[in-house]
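Novice: So here's run.txt (compact mmCIF, C-alpha atoms).
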```
# COMPACT_ATOMS: atom_id res chain seq x y z
CA MET A 1 51.96 40.72 20.94
CA ALA A 2 49.82 42.60 23.48
CA ARG A 3 49.59 40.49 26.65
CA ILE A 4 46.64 40.44 29.05
CA LEU A 5 46.24 38.70 32.41
CA VAL A 6 42.68 37.47 33.14
CA VAL A 7 41.69 36.32 36.63
CA ASP A 8 38.31 34.82 37.67
CA ASP A 9 37.53 32.01 40.09
CA ASP A 10 34.70 30.85 37.81
CA VAL A 11 36.49 28.63 35.28
CA LEU A 12 33.62 28.83 32.78
CA ILE A 13 33.70 32.62 32.73
CA LEU A 14 37.50 32.47 32.55
CA ALA A 15 37.35 30.17 29.50
CA ALA A 16 34.79 32.45 27.80
CA LEU A 17 36.90 35.56 28.39
CA SER A 18 39.98 33.76 27.10
CA ARG A 19 38.24 32.78 23.82
CA ILE A 20 36.90 36.30 23.28
CA LEU A 21 40.24 38.00 23.88
CA GLN A 22 42.27 35.51 21.84
CA ALA A 23 39.87 36.13 18.97
CA GLU A 24 40.71 39.83 19.32
CA GLY A 25 44.39 38.99 18.78
CA TYR A 26 45.71 39.24 22.34
CA GLU A 27 48.07 36.90 24.15
CA VAL A 28 45.98 35.76 27.12
CA VAL A 29 47.28 34.44 30.47
CA THR A 30 44.51 33.05 32.73
CA HIS A 31 44.33 32.17 36.43
CA SER A 32 41.41 30.98 38.54
CA ASP A 33 43.43 31.34 41.75
CA PRO A 34 44.08 35.03 42.61
CA VAL A 35 46.93 34.10 44.97
CA VAL A 36 48.82 32.44 42.11
CA ALA A 37 47.85 35.29 39.75
CA ALA A 38 49.38 37.81 42.16
CA ARG A 39 52.83 36.45 41.23
CA GLU A 40 52.45 37.14 37.49
CA GLN A 41 54.65 39.69 35.70
CA GLY A 42 55.18 41.00 32.17
CA PHE A 43 51.66 41.85 31.02
CA ASP A 44 50.21 45.11 29.67
CA VAL A 45 46.62 44.84 30.91
CA VAL A 46 44.96 42.90 33.74
CA LEU A 47 41.23 42.02 33.86
CA THR A 48 40.01 40.55 37.14
CA ASP A 49 36.78 39.63 38.85
CA PHE A 50 35.95 41.44 42.10
CA MET A 51 34.48 38.74 44.38
CA MET A 52 37.01 35.88 44.68
CA PRO A 53 38.24 33.69 47.55
CA TYR A 54 41.49 34.48 49.38
CA LEU A 55 42.00 37.79 47.52
CA ASN A 56 39.28 40.04 46.14
CA GLY A 57 39.83 42.04 42.98
CA ILE A 58 41.00 45.21 44.77
CA GLU A 59 43.54 43.26 46.87
CA LEU A 60 44.80 41.42 43.80
CA LEU A 61 45.25 44.60 41.80
CA SER A 62 47.12 46.21 44.69
CA ALA A 63 49.48 43.22 44.84
CA LEU A 64 50.02 43.22 41.08
CA ARG A 65 50.61 46.95 41.02
CA GLU A 66 53.83 46.63 43.04
CA LYS A 67 55.55 44.45 40.42
CA ASN A 68 53.66 45.69 37.35
CA PRO A 69 53.17 49.44 37.95
CA ARG A 70 52.58 50.26 34.27
CA ALA A 71 49.93 47.59 33.67
CA VAL A 72 46.45 48.98 33.04
CA ARG A 73 43.87 47.54 35.47
CA LEU A 74 40.24 46.60 34.69
CA MET A 75 37.74 44.88 36.97
CA LEU A 76 34.54 42.88 36.47
CA THR A 77 31.85 43.16 39.13
CA ALA A 78 28.28 42.10 39.67
CA ALA A 79 25.72 44.79 40.35
CA ALA A 80 25.58 43.94 44.09
CA ASP A 81 29.31 44.60 44.40
CA PHE A 82 29.33 47.77 42.33
CA LYS A 83 29.46 50.27 45.22
CA THR A 84 32.47 48.60 46.83
CA ALA A 85 34.24 48.14 43.52
CA SER A 86 33.61 51.73 42.48
CA GLU A 87 35.65 52.87 45.47
CA ALA A 88 38.64 51.16 43.84
CA VAL A 89 38.13 53.27 40.74
CA ASN A 90 37.99 56.44 42.81
CA ARG A 91 41.25 55.50 44.54
CA GLY A 92 42.94 55.10 41.17
CA GLU A 93 43.37 51.34 41.37
CA VAL A 94 41.19 50.64 38.32
CA PHE A 95 41.20 52.15 34.84
CA ARG A 96 37.72 50.86 33.94
CA LEU A 97 34.95 49.02 35.81
CA LEU A 98 32.84 46.49 33.82
CA GLY A 99 29.54 44.97 34.94
CA LYS A 100 28.50 41.32 35.00
CA PRO A 101 27.03 40.13 32.75
CA TRP A 102 28.97 42.18 30.22
CA ALA A 103 28.02 43.38 26.77
CA LEU A 104 30.53 41.99 24.29
CA SER A 105 31.01 45.34 22.54
CA ASP A 106 31.64 47.12 25.87
CA LEU A 107 34.13 44.46 26.93
CA THR A 108 36.18 44.47 23.73
CA SER A 109 36.06 48.28 23.47
CA SER A 110 37.28 48.70 27.06
CA ILE A 111 40.11 46.23 26.49
CA ARG A 112 41.22 48.08 23.33
CA GLN A 113 41.15 51.40 25.21
CA ALA A 114 43.22 49.86 28.01
CA PHE A 115 45.90 48.69 25.59
CA GLU A 116 45.87 52.08 23.84
CA HIS A 117 46.26 53.80 27.21
CA HIS A 118 49.22 51.52 27.99
CA ARG A 119 50.77 52.33 24.61
CA LEU A 120 50.34 56.09 25.09
CA VAL A 121 51.84 56.02 28.58
CA ALA A 122 54.83 54.04 27.32
CA ALA A 123 55.24 56.42 24.38
CA ASN A 124 55.07 59.40 26.69
CA GLU A 125 57.75 57.91 28.95
CA ARG A 126 59.93 57.20 25.93
CA LEU A 127 59.51 60.74 24.61
CA THR A 128 60.25 62.15 28.06
CA ARG A 129 63.50 60.17 28.17
CA GLU A 130 64.42 61.29 24.65
CA VAL A 131 63.68 64.93 25.50
CA ALA A 132 65.80 64.63 28.66
CA GLU A 133 68.65 63.12 26.61
CA LYS A 134 68.37 65.87 23.99
CA ASN A 135 68.27 68.51 26.72
CA ALA A 136 71.42 67.01 28.21
CA GLU A 137 73.08 67.13 24.78
CA LEU A 138 71.99 70.76 24.27
CA LEU A 139 73.21 71.64 27.76
CA ALA A 140 76.60 70.13 26.97
CA ILE A 141 76.71 72.07 23.67
CA ASN A 142 75.73 75.30 25.44
CA GLU A 143 78.36 74.74 28.11
CA GLY A 144 80.93 74.21 25.37
CA LEU A 145 79.86 77.42 23.65
CA GLU A 146 79.95 79.29 26.96
CA ARG A 147 83.48 78.03 27.57
CA ARG A 148 84.53 79.21 24.11
CA VAL A 149 82.94 82.61 24.66
CA MET A 150 84.59 82.86 28.06
CA GLU A 151 87.97 81.87 26.60
CA ARG A 152 87.63 84.49 23.87
CA THR A 153 86.38 87.05 26.37
CA THR A 154 89.31 86.29 28.65
CA GLY A 155 91.68 86.69 25.70
CA LEU A 156 90.05 90.00 24.79
CA LEU A 157 90.28 91.26 28.36
CA ASP A 158 93.93 90.25 28.57
CA GLY A 159 94.57 92.11 25.32
CA LEU A 160 92.82 95.25 26.54
CA ILE A 161 94.68 95.22 29.85
CA SER A 162 97.99 94.61 28.05
CA ALA A 163 97.26 97.54 25.73
CA LEU A 164 96.81 99.80 28.74
CA ASP A 165 99.84 98.31 30.43
CA TYR A 166 102.03 99.47 27.54
CA ARG A 167 101.11 103.03 28.57
CA ASP A 168 100.86 102.68 32.34
CA THR A 169 102.99 99.85 33.72
CA GLU A 170 101.42 100.02 37.19
CA THR A 171 97.94 99.27 35.86
CA GLN A 172 98.04 95.59 34.91
CA TRP A 173 98.86 93.92 38.20
CA HIS A 174 96.79 96.40 40.18
CA SER A 175 93.86 95.43 37.94
CA ARG A 176 94.55 91.72 38.44
CA ARG A 177 94.63 92.12 42.20
CA VAL A 178 91.45 94.17 42.49
CA SER A 179 89.59 91.85 40.12
CA LEU A 180 90.34 88.85 42.37
CA TYR A 181 89.74 90.86 45.53
CA ALA A 182 86.38 91.91 44.09
CA ARG A 183 85.42 88.35 43.19
CA ARG A 184 86.26 87.15 46.71
CA LEU A 185 84.18 89.88 48.36
CA ALA A 186 81.33 89.19 45.94
CA GLN A 187 81.42 85.51 46.95
CA GLU A 188 81.25 86.54 50.59
CA ILE A 189 77.96 88.38 50.07
CA GLY A 190 76.43 85.46 48.17
CA LEU A 191 76.96 86.25 44.48
CA THR A 192 77.46 83.18 42.30
CA GLY A 193 78.01 82.07 38.70
CA ALA A 194 77.77 84.72 35.99
CA ALA A 195 77.30 87.50 38.56
CA LEU A 196 80.76 86.71 39.95
CA ASP A 197 82.26 86.80 36.46
CA VAL A 198 80.70 90.23 35.81
CA VAL A 199 82.18 91.65 39.03
CA GLU A 200 85.61 90.24 38.21
CA GLN A 201 85.50 91.50 34.60
CA GLY A 202 84.35 94.98 35.61
CA ALA A 203 87.07 95.29 38.23
CA LEU A 204 89.71 93.99 35.81
CA LEU A 205 88.72 96.57 33.18
CA HIS A 206 87.96 99.49 35.51
CA ASP A 207 90.78 101.68 34.19
CA ILE A 208 90.54 100.70 30.51
CA GLY A 209 89.23 104.17 29.68
CA LYS A 210 92.65 105.60 30.53
CA ILE A 211 93.65 104.52 27.04
CA GLY A 212 91.78 107.66 25.95
CA VAL A 213 93.68 109.96 28.33
CA ARG A 214 96.70 111.86 26.95
CA ASP A 215 100.16 110.63 27.97
CA SER A 216 101.02 114.08 29.27
CA ILE A 217 98.29 113.63 31.88
CA LEU A 218 98.31 109.88 32.44
CA LEU A 219 102.09 109.70 32.92
CA LYS A 220 102.59 113.04 34.62
CA PRO A 221 104.91 112.51 37.63
CA GLY A 222 103.53 115.40 39.68
CA PRO A 223 100.06 116.58 40.74
CA LEU A 224 97.48 117.28 38.02
CA THR A 225 96.11 120.75 37.42
CA PRO A 226 92.33 121.33 37.74
CA ASP A 227 91.96 121.22 33.95
CA GLU A 228 93.99 118.01 33.76
CA TRP A 229 91.75 116.47 36.43
CA VAL A 230 88.72 117.29 34.31
CA GLU A 231 90.18 115.16 31.51
CA MET A 232 91.35 112.39 33.85
CA LYS A 233 87.85 112.12 35.30
CA LEU A 234 86.50 111.27 31.85
CA HIS A 235 88.19 107.86 31.87
CA PRO A 236 85.15 105.98 33.32
CA GLU A 237 83.01 107.28 30.44
CA PHE A 238 85.75 106.48 27.89
CA GLY A 239 85.89 102.93 29.23
CA TYR A 240 82.13 102.52 29.21
CA ARG A 241 81.90 103.64 25.58
CA MET A 242 84.60 101.14 24.62
CA LEU A 243 82.82 98.18 26.24
CA ALA A 244 79.08 98.87 26.23
CA LYS A 245 78.53 97.79 22.62
CA MET A 246 79.93 94.32 23.36
CA PRO A 247 76.87 92.33 24.57
CA TYR A 248 78.89 89.97 26.78
CA LEU A 249 80.60 92.95 28.49
CA HIS A 250 77.59 95.24 28.89
CA GLU A 251 77.15 94.56 32.63
CA ALA A 252 80.88 94.82 33.25
CA ALA A 253 80.83 98.14 31.37
CA LEU A 254 78.43 99.54 34.00
CA ILE A 255 81.01 98.76 36.67
CA VAL A 256 83.65 100.57 34.60
CA LEU A 257 81.35 103.60 34.27
CA GLN A 258 80.53 103.73 37.99
CA HIS A 259 83.78 102.61 39.60
CA GLN A 260 84.55 106.11 40.91
CA GLU A 261 81.10 106.62 42.47
CA ARG A 262 80.71 106.73 46.27
CA TRP A 263 78.01 105.47 48.62
CA ASP A 264 77.35 109.05 49.82
CA GLY A 265 76.91 110.39 46.27
CA LYS A 266 80.16 112.43 46.22
CA GLY A 267 81.83 110.41 43.47
CA TYR A 268 81.93 110.85 39.69
CA PRO A 269 80.98 110.93 36.82
CA LEU A 270 77.25 110.71 37.64
CA GLY A 271 77.11 111.45 41.36
CA LEU A 272 75.16 108.25 42.02
CA LYS A 273 74.28 107.39 45.61
CA GLY A 274 73.70 104.22 47.62
CA GLU A 275 72.08 101.36 45.73
CA GLU A 276 71.82 103.49 42.59
CA ILE A 277 75.38 102.26 42.10
CA VAL A 278 75.62 98.72 40.72
CA ILE A 279 76.87 96.19 43.25
CA GLY A 280 80.02 95.48 41.25
CA ALA A 281 81.08 99.14 41.36
CA ARG A 282 80.36 99.31 45.11
CA ILE A 283 82.53 96.24 45.62
CA PHE A 284 85.28 97.70 43.46
CA CYS A 285 85.32 100.97 45.41
CA LEU A 286 86.19 99.09 48.59
CA VAL A 287 88.79 96.66 47.22
CA ASP A 288 90.45 99.45 45.22
CA THR A 289 91.08 101.26 48.50
CA LEU A 290 92.41 98.03 50.00
CA ASP A 291 94.90 97.64 47.16
CA ALA A 292 95.89 101.32 47.16
CA ILE A 293 96.76 101.25 50.86
CA THR A 294 98.61 97.91 50.90
CA SER A 295 100.60 98.35 47.64
CA ASP A 296 103.93 100.11 47.14
CA ARG A 297 103.82 103.51 45.45
CA PRO A 298 106.74 105.55 44.06
CA TYR A 299 106.33 107.98 46.96
CA ARG A 300 105.71 105.44 49.80
CA LYS A 301 105.81 101.80 50.77
CA GLY A 302 102.65 99.75 51.07
CA ARG A 303 101.06 99.91 54.51
CA PRO A 304 99.83 97.01 56.68
CA MET A 305 96.42 95.41 56.23
CA SER A 306 95.39 96.81 59.62
CA VAL A 307 95.57 100.31 58.13
CA ALA A 308 93.28 99.28 55.26
CA ARG A 309 90.82 97.68 57.68
CA ASP A 310 90.74 100.83 59.81
CA GLU A 311 90.08 102.94 56.71
CA VAL A 312 87.23 100.69 55.56
CA ARG A 313 85.71 100.81 59.04
CA ARG A 314 86.05 104.60 59.17
CA CYS A 315 84.51 105.17 55.72
CA ALA A 316 81.64 102.68 55.97
CA GLY A 317 78.44 104.57 55.13
CA THR A 318 80.25 107.44 53.40
CA GLN A 319 82.67 106.18 50.76
CA PHE A 320 81.70 102.50 51.12
CA ASP A 321 78.50 100.47 51.19
CA PRO A 322 78.20 99.59 54.92
CA MET A 323 77.00 96.07 54.14
CA LEU A 324 80.11 95.43 52.04
CA ALA A 325 82.33 96.97 54.71
CA GLU A 326 80.91 94.55 57.27
CA ALA A 327 81.46 91.60 54.94
CA PHE A 328 85.04 92.73 54.24
CA LEU A 329 85.85 93.15 57.92
CA GLY A 330 84.45 89.68 58.61
CA LEU A 331 87.01 88.02 56.32
CA PRO A 332 90.45 87.08 57.70
CA GLU A 333 93.49 89.02 56.52
CA THR A 334 94.96 85.75 55.25
CA GLU A 335 92.38 85.71 52.41
CA TRP A 336 93.66 88.98 50.96
CA ALA A 337 97.29 87.92 51.48
CA ARG A 338 96.58 84.69 49.61
CA ILE A 339 95.17 86.59 46.63
CA ARG A 340 98.12 88.98 46.58
CA ARG A 341 100.55 86.04 46.53
CA GLU A 342 98.54 84.49 43.68
CA VAL A 343 98.91 87.64 41.56
CA GLU A 344 102.59 87.96 42.45
CA ALA A 345 103.10 84.42 41.15
CA MET A 346 101.31 85.39 37.93
CA GLU A 347 103.55 88.46 37.59
CA GLU A 348 106.69 86.41 38.11
CA ALA A 349 105.58 83.81 35.57
CA GLU A 350 104.78 86.52 33.02
CA SER A 351 108.14 88.21 33.57
CA HIS A 352 109.96 84.91 33.18
CA ARG A 353 108.05 84.07 30.01
CA TRP A 354 108.97 87.35 28.34
CA THR A 355 112.56 87.16 29.54
CA CYS A 356 112.96 83.70 28.02
CA ALA A 357 111.36 84.91 24.79
CA LYS A 358 114.18 87.40 24.12
CA LEU A 359 116.56 86.37 21.33
CA ASP A 360 120.20 87.16 20.76
CA ALA A 361 121.69 88.43 17.48
CA ASN A 362 121.76 84.88 16.09
CA GLY A 363 118.07 84.34 16.86
CA GLN A 364 118.76 82.06 19.84
CA PRO A 365 116.90 82.42 23.17
CA VAL A 366 118.83 84.45 25.67
CA PRO A 367 119.27 82.62 29.01
CA ALA A 368 117.19 84.21 31.75
CA ARG A 369 120.25 85.25 33.79
CA ALA A 370 121.60 87.26 30.84
CA ALA A 371 118.41 88.78 29.61
CA GLY A 372 118.06 91.71 31.99
CA ALA A 373 119.70 94.35 29.82
```
Can I see the file as structure tokens?
Specialist:
Amino acid sequence: MARILVVDDDVLILAALSRILQAEGYEVVTHSDPVVAAREQGFDVVLTDFMMPYLNGIELLSALREKNPRAVRLMLTAAADFKTASEAVNRGEVFRLLGKPWALSDLTSSIRQAFEHHRLVAANERLTREVAEKNAELLAINEGLERRVMERTTGLLDGLISALDYRDTETQWHSRRVSLYARRLAQEIGLTGAALDVVEQGALLHDIGKIGVRDSILLKPGPLTPDEWVEMKLHPEFGYRMLAKMPYLHEAALIVLQHQERWDGKGYPLGLKGEEIVIGARIFCLVDTLDAITSDRPYRKGRPMSVARDEVRRCAGTQFDPMLAEAFLGLPETEWARIRREVEAMEEAESHRWTCAKLDANGQPVPARAAGA
């Protein structure tokens, strides 16, 4: 039942109000002492007189508001007190101000409106909670879907890189290293969340277009002829065409297309310059050089990190975005060594997995020590 607190130091008025409100179907709690009334809790509406001893109506409502913040507040006042009482309305203490003597229809109508206001506020709070709960559920569902998409995307990327690795065995682990190098440098300049994933994906897939390059060119042990270079330089466009139609790889595809561009505009295939190049491709350009210098090649051993740092410093503003060069040079060498060790561990684990997967003539796994043939 709707519960109303009624406070008036005039016991006759208090009794009259109680009869009227009980006849309207409300549960009525009455007090003639405002100090005692100030301790009441658990009501929906409060109706109080203004001029009372010890506590006036405004002071009482302020005290009640602390323990009953959702209760709707109404106040009775004589005409002489109207100006003072109206200030309480303006300060938001009172929902409705009623004059003494009151008109019965105005009194009962105001009380009904107060209870309706209380009901609507409570309903709004309930709906807000329900919406928040539903939003939390939807967020959890979306996060689950995103994880599934990311898992499938990761599986697709691994498959694409493995397909290229069958043709060019140096590609896979180079791609793993530069993808993690690129992510670390992107973190250093403030990229977060999905933007980091795009940079890592683009760097991982940068050479995927080489699948479209003939073996005679891709695997040629010696220098390429000018005509062969023309075909080799098509691999960024080949890669872009492979990936651009996949919505979740569209941004990464731009990195693949532009990964051979240079800050000074002397790269290919589009001759883009400066910030015309997407940030992921600018990041890749720098970390690709880092990996090229510090990794072993058939014709030379990998060189120290100091050589890579000197090259980045020398080419800042020409080959490399100077802002990225500064960020790279601000990171300790141990960061890049840590990432290289991480990829080496991945390579060892992959090699061990495939070695253990080999079977002998009887279909039994070949022990790792005997599987090298």
Novice: Can you work out the spacing between atom CA of A:Asp291 and atom CA of A:Val178 in Å, to one decimal?
Specialist: 6.8 Å
Novice: Report, in Å with one decimal, the straight-line distance from atom CA of A:Gly202 to atom CA of A:Ala281.
Specialist: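 Computing it gives 7.8 Å between the two atoms.
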Novice: Counting only C-alpha atoms, which residues of stretch 252-339 of chain A sit at most 12 Å from some atom of stretch 224-247 of chain A, and what is each one's closest atom pair with its distance in Å to one decimal, listed by chain and rising residue number, as JSON lines?
Specialist:
```
{"residue": "A:Ala252", "atom": "CA", "partner": "A:Leu243", "partner_atom": "CA", "distance": 8.0}
{"residue": "A:Ala253", "atom": "CA", "partner": "A:Tyr240", "partner_atom": "CA", "distance": 5.1}
{"residue": "A:Leu254", "atom": "CA", "partner": "A:Tyr240", "partner_atom": "CA", "distance": 6.7}
{"residue": "A:Ile255", "atom": "CA", "partner": "A:Tyr240", "partner_atom": "CA", "distance": 8.4}
{"residue": "A:Val256", "atom": "CA", "partner": "A:Pro236", "partner_atom": "CA", "distance": 5.8}
{"residue": "A:Leu257", "atom": "CA", "partner": "A:Pro236", "partner_atom": "CA", "distance": 4.6}
{"residue": "A:Gln258", "atom": "CA", "partner": "A:Pro236", "partner_atom": "CA", "distance": 6.9}
{"residue": "A:His259", "atom": "CA", "partner": "A:Pro236", "partner_atom": "CA", "distance": 7.3}
{"residue": "A:Gln260", "atom": "CA", "partner": "A:Pro236", "partner_atom": "CA", "distance": 7.6}
{"residue": "A:Glu261", "atom": "CA", "partner": "A:Pro236", "partner_atom": "CA", "distance": 10.0}
{"residue": "A:Gly267", "atom": "CA", "partner": "A:Lys233", "partner_atom": "CA", "distance": 10.3}
{"residue": "A:Tyr268", "atom": "CA", "partner": "A:Lys233", "partner_atom": "CA", "distance": 7.5}
{"residue": "A:Pro269", "atom": "CA", "partner": "A:Lys233", "partner_atom": "CA", "distance": 7.1}
{"residue": "A:Leu270", "atom": "CA", "partner": "A:Glu237", "partner_atom": "CA", "distance": 9.8}
{"residue": "A:Ala281", "atom": "CA", "partner": "A:Pro236", "partner_atom": "CA", "distance": 11.3}
```
Novice: Would you work out the distance separating atom CA of A:Ala37 from atom CA of A:Ala63, expressed in Å to one decimal?
Specialist: 9.6 Å
Novice: Report as a ChimeraX atom specification all protein, DNA and RNA residues lying within 10 Å of stretch 301-317 of chain A, evaluated on all atoms listed in the file, omitting residues in the same chain fewer than 2 positions from it.
Specialist: /A:262-264,274,286-287,289-299,319-326,328-329,333-334,336-337
Novice: Around all the atoms of stretch 183-202 of chain A listed in the file, draw an axis-aligned box and extend it by 5 Å on each of the six sides; I want its centre and edge lengths in Å to one decimal, as AutoDock Vina command-line options.
Specialist:
```
--center_x 81.3 --center_y 88.5 --center_z 42.6 --size_x 19.8 --size_y 22.9 --size_z 26.0
```
Novice: Point out the residue among A:Asp49, A:Glu335, A:Glu348, A:Glu143 with the least atom-to-atom distance to A:Glu188, counting all atoms listed in the file.
Specialist: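 Counting all atoms listed in the file, the residue closest to A:Glu188 is A:Glu335.
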Novice: Rank nothing, just name the residue among A:Ala15, A:Arg177, A:Ala195, A:Phe50 nearest to A:Glu344, using only C-alpha atoms.
Specialist: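 The answer is A:Arg177, which sits nearest to A:Glu344.
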Novice: What would the list of residues within 10 Å of (56.4, 46.4, 36.7) (file frame) look like as a list in words, if only C-alpha atoms are what count?
Specialist: Gln41, Gly42, Phe43, Asp44, Leu64, Arg65, Glu66, Lys67, Asn68, Pro69, Arg70 and Ala71 of chain A
Novice: In terms of the shortest atom-to-atom distance over only C-alpha atoms, which of A:Ile217, A:Val6, A:Leu47, A:Leu107 is closest to A:Val29?
Specialist: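 For A:Val29, the nearest of the candidates is A:Val6.
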